[in-house]
Amino acid sequence: MEVVDQEGRTLTFSIGPQHPGSGHFRLIVKVDGDFIVDVKPDPGYVHRGAEKMCEERTYIQNIPHLERPVIFDSSGILFPYVLAVEELLGVQAPPRAQYIRIIMAELNRIISHLYWLAIYGIFLGHSTMFMWPMGDRELFIDLAEAIGGTRVTFSYFVPGGVRNDLPPEFKERALKTCAYFEKRLKEYDRIFFSNPMFLKRTQDIGVLKREDAIRLGVTGPNLRASGISSDTRKDEPYSSYQTIKWDIPVRKEGDCYARAMVRFQELFDSMSIIRQALDLIPEGSVKIAMRGQIKGKVGESFARTEAARGTMFYHIISDGATHPYRVKISVPSFRSLCAMPFLLKGNHLADMPAIYWGLDYWPVEADK
Amino acid sequence: MSQSIEKEELLLSSIKDKFGDKVSELYVNPKRIKILVDRENILNVATFVRDLGFNQVISAGGTDFPKEDSFVVDYHLISVDHEDLKRIIFNLSTKFPKNEPKTPTLMEVWPSAEYHEQETFEMLGIIFEGHPRMERLLLPEDWNDIPPLRKEFKLPSRLVEHGSS
């Protein structure tokens, strides 16, 4: 922490940008005693210019670099991109590919939530909750690696389907991992989610009321923790999600505890979705054969999907060339920026980690 | 799934009844509505669209069209709590000449537009009048060039590759 200025009672200083625990990002905090009186988020330390890069590369060349902002949820950030490109091309992925995409997206949701949980554990001073999710996360990374070939950035979704079929005996392996992990989650609950330390540090901390959640534009699990049943997978079903049954986890409290419990419940839901997708998946091809360079028709398309952190949105404008004319990416973390100062103001400085990481704000994703 | 666009057309006709010629319809597809308004009227139309139930800005960004010498700013709006609107993305757009890159901020209507507008200011040089922080957000502090999402800005790496610099 670096002291910037001191005026009367208050003190202004920076937290970050050297990795306050979750990527390069700076919070300029003004405190009176140990109460936060003002906060200014300062993103941009890991800005890559992904939108500009998209304009200079072909539709296929864009796939690997678009994953980089969110490597823990790389399928989540690619999903709306391929849907929007498919709309421009006027094609749809074959049914088998649609289910494989669901499996991959849900594996990524689990991987992302476990990473969040591990860091939340360490932010709240619970080292066991850092070790366990990081260890169990490897099992899901192994599953995703068996499908996509690499550990985190798979470049697996392509316009027209997915790159390759599921490996043999994938179903048995996935079911085994899910059965094991469901037992583990009960232990997670016992040691962390029901732990008085965790309850003390999260309940009634950083309360985001229903109206404020809508007004400030938060999305995904943060919105669901404020009593709003909103999930793109249900609101505008894509890629055969309409054939899958689960309940959207909603909590009314709107505090850090509710945000954590929504994510905890989503781990169960994602496994249930994977099981259903494995049962429903039809035989057939996984990709539409396309020759030569992809060219979108002149026009535009937009698509949204539910990524691990919330609604991921793409707006692609095409002038008929082999590369997009303009790609606008709207990521869920960027939309948490409005709520962050609102929630931090008036709280103790010591509650900052619980509130900040409770929003699952991922600086690399927000900066693009 | 049904591909009925009844609801979408109903929404659009209520906007047209209210604003008449001030709003031009670009398209209505299942789950998608796009309208174009002048920047003079965007604040009134935005307030009306919000009162219809579209209560969050999911994305706001601009695009540079040098051939038409204009900028287009697109607001993509969703409703998170109205069951009959949840599936729709409403695209409110405005277009203005490049030599006058100004449009009123919609922060009063949707506070969630704040950072999207700031990013658009930085990336395209479009000024959102009334926005409290028309300042740098993501670019480096020592950025000394034109806004990078304008088409005149070429990526230096690409210039070398094509041998044109």
# chains A, B, ... in the order shown; residues from 1 in each chain; ligands from 1
>>> residues_around(residues="B:Leu92", least_positions_apart="2", cutoff="7 Å", atoms="only C-alpha atoms", output="PDB file with C-alpha atoms, in the first residue's frame")
ATOM      1  CA  LYS B  34     -33.353  -2.342 -33.252  1.00  0.00           C
ATOM      2  CA  ILE B  35     -34.348   1.298 -33.574  1.00  0.00           C
ATOM      3  CA  LEU B  36     -32.466   4.409 -34.621  1.00  0.00           C
ATOM      4  CA  ASP B  74     -25.462   1.240 -29.791  1.00  0.00           C
ATOM      5  CA  TYR B  75     -27.098   0.639 -26.429  1.00  0.00           C
ATOM      6  CA  HIS B  76     -28.147  -2.975 -25.899  1.00  0.00           C
ATOM      7  CA  PHE B  90     -33.450  -4.097 -27.394  1.00  0.00           C
TER       8      PHE B  90
END
>>> closest_atom_pairs(of="chain A", to="chain B", cutoff="6 Å", atoms="only C-alpha atoms", output="CSV")
residue,atom,partner,partner_atom,distance
A:Gly44,CA,B:Leu138,CA,3.7
A:Leu216,CA,B:Ser112,CA,4.8
A:Gly217,CA,B:Ser112,CA,4.8
A:Ser230,CA,B:Val80,CA,5.7
A:Asp235,CA,B:Arg87,CA,5.1
A:Glu236,CA,B:Arg87,CA,4.7
A:Ser330,CA,B:Ser59,CA,5.6
>>> closest_residue(among="A:Met352, A:Thr128, A:Phe170, A:Ile205", to="A:Glu187", atoms="only C-alpha atoms")
A:Thr128
>>> closest_residue(among="B:Asp142, B:Glu68, B:Asp21, B:Glu129", to="B:Lys98", atoms="only C-alpha atoms")
B:Glu68
>>> closest_residue(among="A:Ser74, A:Ser240, A:Ser229, A:Ser194", to="A:Ala260", atoms="only C-alpha atoms")
A:Ser194
>>> closest_residue(among="B:Tyr27, B:Val73, B:Glu100, B:Ile78", to="B:Thr120", atoms="only C-alpha atoms")
B:Val73
>>> select_by_dssp(residues="stretch 37-94 of chain B", states="alpha helix (DSSP H)", output="PyMOL selection string")
chain B and resi 42-52
>>> write_last_selection(atoms="C-alpha atoms", output="PDB file, in the first residue's frame")
ATOM      1  CA  ILE B  42     -32.425   9.837 -27.490  1.00  0.00           C
ATOM      2  CA  LEU B  43     -32.975  10.884 -23.878  1.00  0.00           C
ATOM      3  CA  ASN B  44     -36.776  10.939 -24.214  1.00  0.00           C
ATOM      4  CA  VAL B  45     -36.903   7.692 -26.144  1.00  0.00           C
ATOM      5  CA  ALA B  46     -34.537   6.035 -23.662  1.00  0.00           C
ATOM      6  CA  THR B  47     -36.716   7.060 -20.732  1.00  0.00           C
ATOM      7  CA  PHE B  48     -39.754   5.625 -22.503  1.00  0.00           C
ATOM      8  CA  VAL B  49     -37.950   2.367 -23.313  1.00  0.00           C
ATOM      9  CA  ARG B  50     -36.846   2.040 -19.708  1.00  0.00           C
ATOM     10  CA  ASP B  51     -40.420   2.544 -18.519  1.00  0.00           C
ATOM     11  CA  LEU B  52     -41.499  -0.265 -20.852  1.00  0.00           C
TER      12      LEU B  52
END
>>> residues_around(residues="stretch 5-18 of chain B", least_positions_apart="3", cutoff="7 Å", atoms="only C-alpha atoms", output="list in words")
Val23, Val28, Asn29, Pro30 and Ile33 of chain B
>>> atom_distance(atom1="atom CA of A:Val37", atom2="atom CA of A:Phe25")
19.5 Å
>>> select_by_dssp(residues="stretch 236-346 of chain A", states="strand (DSSP E or B)", output="ChimeraX atom specification")
/A:287,299-307,310-318,326-330
